[in-house]
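Step one of this worksheet: look at the structure below.
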Amino acid sequence: MSSVAGLLALLLHLALVLAGAPLLLGLLRLIKARMVGRAGPPVLQPWRDLLRLMRKQPVVADGTSWLFRSAPAVALAATCTAAALVPSFALGMTTAPVGDLLVIGGLLALGRAVLALAAMDSGTAFGGIGASREMTFSVFAEPVFFLIVFTLALITGSTNLDTASSVVNAGVGLRISMALGLVATTTLAIAECGRVPVDNPASHLELTMVHEAMVLEYSGRHLAMIEFTAALKLLLWMSVIAVLFCPFGIAPHDGPGATLAPWLWLLGIAAWAAKMVLLAVALAVFETIQAKMRVFRVPELLGMALLLGLLAVIFLFVSQGFAQGAP
Amino acid sequence: MSGPALAVLASAVGLLLALGVATAFSRAKVGFWGALLVCGAGAVVALVYLIGGAEPAMLTLPFGLAGQSTILALDGISGLFVLLLMLSGTAAAAASLDDHGHPPATAPAFPVFLGAMLLTLLAGDAFAVVAGFELMSLASFVLVVTSHREQSVRAAGVLYIGMAAIAGVCLIAALALLSAHGISFAAIRAHPPEGWRAAVVLALVLLGPGSKAGLAPLHVWLPPAHASAPGPVSALMSGAMTKIAVYVMIRLLFDLCGPAQPLWWGLPLLAMGLASAVLGAFRANVETDVKAVLACSTIENIGLVTIGLGVALAARAADLSALAGLALGAALLHVIAHGLFKTLLFLCAGAIQYGAGSRLMGRLGGLLQRMPITGCAMLLGGACLAGLPPSAGFASEWMLLQSVLGAVRLGGLGLQIVVCVLAAGLALAIALAGCAAVRLVGVALLGRPRSATAIAAVEAGPPVRWAMLGLAVMVGLIGLFPGAVLGLAAPALRALADTNLAGRADALGVSAIARAQGYVPLGVALLLAIAAVGIMLVLRARAILGHRGGPAWDCGFGAPPDWLPFGDPLTQYSAGGFSQPLRRILGPVLVSATVSVDMPRPGDTRPAMLREHSQDPASQYLFAPIAALRAHMSGLADRMQFLTVRQILSVMVTALILFLIFIAVLEQL
Amino acid sequence: MEHFGYGTMGYDVAHMLGGGVLLLSFALLSQRRIAALINIYALQAIVLAAAACWQGFAQDAPHLYITAAIAFAAKGVIIPLALHRFVHRLNLSGSVDTALGIFPSMALGVALVALAIMVVLPTTSQSQALTREDLALALSVVLLGLLMMITRRTVITQVIGFMSLENGLILAAVGVEGMPLVVELSVAVLVLVAFVVFGVFFRRLRAQFHSLNVEHLDRVGSAHR
């Protein structure tokens, strides 16, 4: 894609993603409510909440430092940067050369570390418990992430998200490694976004809080930024799953000098929106069926995802052995 | 260009040793100022040498072992490590100037330490290497026991000198096996070892310089020694001395043993590197002393470097020169980055020890507001420790992960499964390091102060601040321009593996495959800046700025009472509490952690006690059995004292008869 | 008879189904509740039936359809229902008693899969890719069934481990082209399994009620109501 088209695609992508993240969250809450027989809040409610929070002046705890006040902005900046690197409806945006899977993982780790530090800065027991549990889960989530990247790099030959997606779009067949990778990525996404069964985003009980405990002290525009970050992270992980494992309908690279193809972009946007809605419905059903796990069972869950990732890589070695010396 | 550079650096060695002697007869500041100036000049010389192409140079000194001459040499590999040593030494010497009115009695050993390390790097024959290595161990031992009045410091010193002696013996043995045809490096290179001799050399190198670098399972000396030494000394030990040991390993295994070694040579390096990485990172989560945490994280980072070296060694043997270049580049970049940011972190730890009155994390807190420059420097160092983009730690870890991804091409299915397990373990170690960094910064710098000395903490003096600022700027630049450091390492890559990173490392970023996309730190930093500016603009337009202060919400507990102006320190998370989930899950597996609860009977008013006991697996499975064996053998030997005259005579006669049988057998053959 | 080569859609479907059986073996290892264990075993038998169907289509061998029907009807429907009923009537405990923790046994399972692959692939270098991979998967399922039998203490789990081991054997039998007497083998193994299952439960019944009289079951059941 030419650079002008790439820039336009990037701007449109950012607009869609930033506008759509709270809408996705609203849709998720609506479906969960309907499934348990409640009427549920309207889909636009998270946007209304964010705008309301922005209009309120934050109350900051005594004794906290500048890090507490600037952490929400840093975390949001890191998540926005990661969101700019994950393609949604078109490959070949301007940021494609920077969009490495390991870099995206690193940016999400930056956001998480900054929020954990801010939680420790609040000087309360809730902050400590949230930070400690969040970092412990991340210890078990990182190996899963790296093995998924390993699987994809072996199948597609690169850790760059754009290149990997193009190769998968061109067709890799029904591979069991991809299926195992999909299961592992879904488990990882649930753990990273703090959804049931790893964490309950709607709870306010100390025993069940992880992410909520970290951000307990925030209010006003700080809280608005943090809630937006959480919604953006959920959308980001769903986009990662969509672009890596079912990239049908995404507007491909056209090579240098190609012109804009508006209908390809429209198809891409429609496909992406449909995938997001489908994933939201699936997540809502899963969250309604599942109960939240004990905190000390979560590393077991992530350990099983790690073993699935290990199996995926082992099966890849087997089939690559066949590809090289096929009978 | 290279000849004069070597001459300047050789005279720097002499100057530093002379400075040591001079300091013994005058004030301590003489030694520190002299070391600062010499190291600063040395850094400039090394930089100019590396930029100028790093042609190999040799210098012969007229004195040496048994009347022979000693050879000094400089090439791309040693030039890179000299640059790191000089930068670290400048910062450490500057920080030592701030001695708070109590000049340490061991000040003369400081320039000697620096001189010995420089001599090890400049060595061109076996004698110079051993001389430098041993002098380095001795000088650092003297420095470690500076506060020898404390029992823990004395114990740490004894363990340190014992392990250093073992390392020295193994190094001498390895060099002896290699020097069958002469002790100069040129002679050794001309006759590389083969077969069993090469395998024994590999084992001795891993035991000797490997234990000096802190590879598991020979790492037990590192945390106590680094924690007991004064701040700038532990900065040098962690940042520079471990890298000197890595340099000796690289020189012996890659250069002197030649490129014809088999593929399995990489495997012990991979195994020991992975064990060090995981164990070091886990222990960094468990320790409660700031310096011990940093020392355990040094073990982890040395493990990462060794993994890169293992992949490079195996790739070179398998003729995959592109992979070898990538892995070696990752290892060398991590050496430079870690050397600098670990020096920075230890300087911060030293400033905290003096300024806030304690090294224990349970007595710190709230230091970010009271010691702003130290706090910001520690934040930057912590980001590098955790490997967060766009810091220097992430760049080298990215390259290392890419080289492990490429290592699947090394061999058959068995080796591929090993690489798979290595990848999972590597990611686990990196994640554990991130958790340890958040814990260290969160408990020591943030939150409410946990003791009176933390409330009254003072910032470090001007020399330390300047040293921290300089190091922070360098670390930041390395993070944004890793290609520049890799350009400086290009002569080393050419010398070690006959490869280069053309097309893969330039001013913009690094990549794994030539002309493919990779990691562009400037791009990431630019996007982060644009996002931050965008957020600021939106907030300015839509949100109410400013904030109100108030007591922490804490689910409704209200303000603390007047007699606790900073709140009750016990209602904050402690370092032990932060790592409790990790200790509970990984503790029994990694460090044999056991928990015992002692509950009083009903009616008894004494408090219940919860005891956690854990032991480093190297101590438990390696050193404790060896110590028990030694005790057993000395018990056996003790019995020899109480033999009767007849028994002593029969021992001597048996020895004589065995010797005669041996001669008879030899005569027959 | 044609066999699907590596890279074709037929190959992909066959090894997805085989991989599904393996994945369900892992799911069996990770369960804590008996009811879920029986349901997953039923699912594994259904996936095995699908794999046998596909192999019947691929190898153009109609007798494999009969094997698939047996697997579906007997092992997918009848035996799980009978097991559910036994567990309920005999009031057996609802959770699994493990001798080795869940995560270590799964890690051991992955190591056994790697071992099975490393054993099967070099020794079958003369055969087609599909057969080799099927044999590797089948051996893995057998080893995982054995692992389940030795690391779990409850009787039900040992019986299910034995039956999943037998699933692995059937998977190997349908994967090899031209293997004779597959249907007879299936029926024989089914009869063996039935004897094992009933034998275990009759012993339990006699231990609990000191009688093999099935009327007692109904009386006890009605007394509980």
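Ordering of the structure tokens sets the chain letters (A, B, ...); residue numbers start at 1 within each chain; ligands are numbered from 1 in the order shown.
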- Task: Would you please give, as an NGL selection string, all residues of range 11-126 of chain A that DSSP assigns to alpha helix (DSSP H) based on the backbone?
- Result: :A and (11-35 or 45-54 or 66-85 or 101-121 or 125-126)
- Please report as a PyMOL selection string which residues of chain A come no farther than 12 Å from chain C, using only C-alpha atoms. chain A and resi 171-180+183+297-327
Residues of chain B that have any atom at most 10 Å from an atom of chain C: could you tabulate them with the shortest-distance atom pair and the distance in Å to one decimal, using only C-alpha atoms, ordered by chain and increasing number, as a tab-separated table?
residue	atom	partner	partner_atom	distance
B:Leu413	CA	C:Met118	CA	7.3
B:Gly414	CA	C:Met118	CA	7.5
B:Ile417	CA	C:Ala114	CA	7.9
Resulting file, chosen residues, C-alpha atoms, as a PDB file, in the first residue's frame:
ATOM      1  CA  LEU B 413      13.748 -33.390  16.783  1.00  0.00           C
ATOM      2  CA  GLY B 414      15.445 -33.950  20.150  1.00  0.00           C
ATOM      3  CA  ILE B 417      12.307 -30.006  21.829  1.00  0.00           C
TER       4      ILE B 417
END
- Message: Can you tell me which residues surround Ala277 in chain B at a distance of at most 10 Å, considering only C-alpha atoms, apart from same-chain residues fewer than 2 positions away, and format the answer as an MDAnalysis selection string?
- Response: chainID B and resid 215:216 271:275 279:282 296:307 425:430 432:433
Quick one: contact table of chain A to chain B, 6 Å max, nearest atom pair and distance in Å to one decimal per residue, counting only C-alpha atoms, chain and number order, as a Markdown table?
| residue | atom | partner | partner_atom | distance |
| --- | --- | --- | --- | --- |
| A:Met54 | CA | B:Ala543 | CA | 4.7 |
| A:Arg55 | CA | B:Ala543 | CA | 5.5 |
| A:Gln57 | CA | B:His547 | CA | 5.8 |
| A:Pro58 | CA | B:His547 | CA | 5.1 |
| A:Val59 | CA | B:Arg548 | CA | 4.8 |
| A:Val60 | CA | B:Gly549 | CA | 4.9 |
| A:Ala61 | CA | B:Ala552 | CA | 4.4 |
| A:Asp62 | CA | B:Pro551 | CA | 5.4 |
| A:Ala77 | CA | B:Ala531 | CA | 5.0 |
| A:Thr81 | CA | B:Leu527 | CA | 5.9 |
| A:Pro97 | CA | B:Gln517 | CA | 5.4 |
| A:Val98 | CA | B:Val520 | CA | 5.9 |
| A:Gly106 | CA | B:Leu388 | CA | 5.6 |
| A:Leu110 | CA | B:Leu388 | CA | 5.6 |
| A:Leu117 | CA | B:Gly442 | CA | 5.4 |
| A:Met120 | CA | B:Gly442 | CA | 5.4 |
| A:Asp121 | CA | B:Gly447 | CA | 3.9 |
| A:Ser122 | CA | B:Gly447 | CA | 5.7 |
| A:Gly123 | CA | B:Gly447 | CA | 4.3 |
| A:Thr124 | CA | B:Gln572 | CA | 5.2 |
| A:Ala125 | CA | B:Gln572 | CA | 5.1 |
| A:Gly128 | CA | B:Tyr573 | CA | 5.1 |
| A:Ser132 | CA | B:Phe578 | CA | 5.0 |
| A:Met135 | CA | B:Cys435 | CA | 5.6 |
| A:Val139 | CA | B:Ala431 | CA | 4.8 |
| A:Glu142 | CA | B:Ala427 | CA | 6.0 |
| A:Pro143 | CA | B:Ala427 | CA | 4.8 |
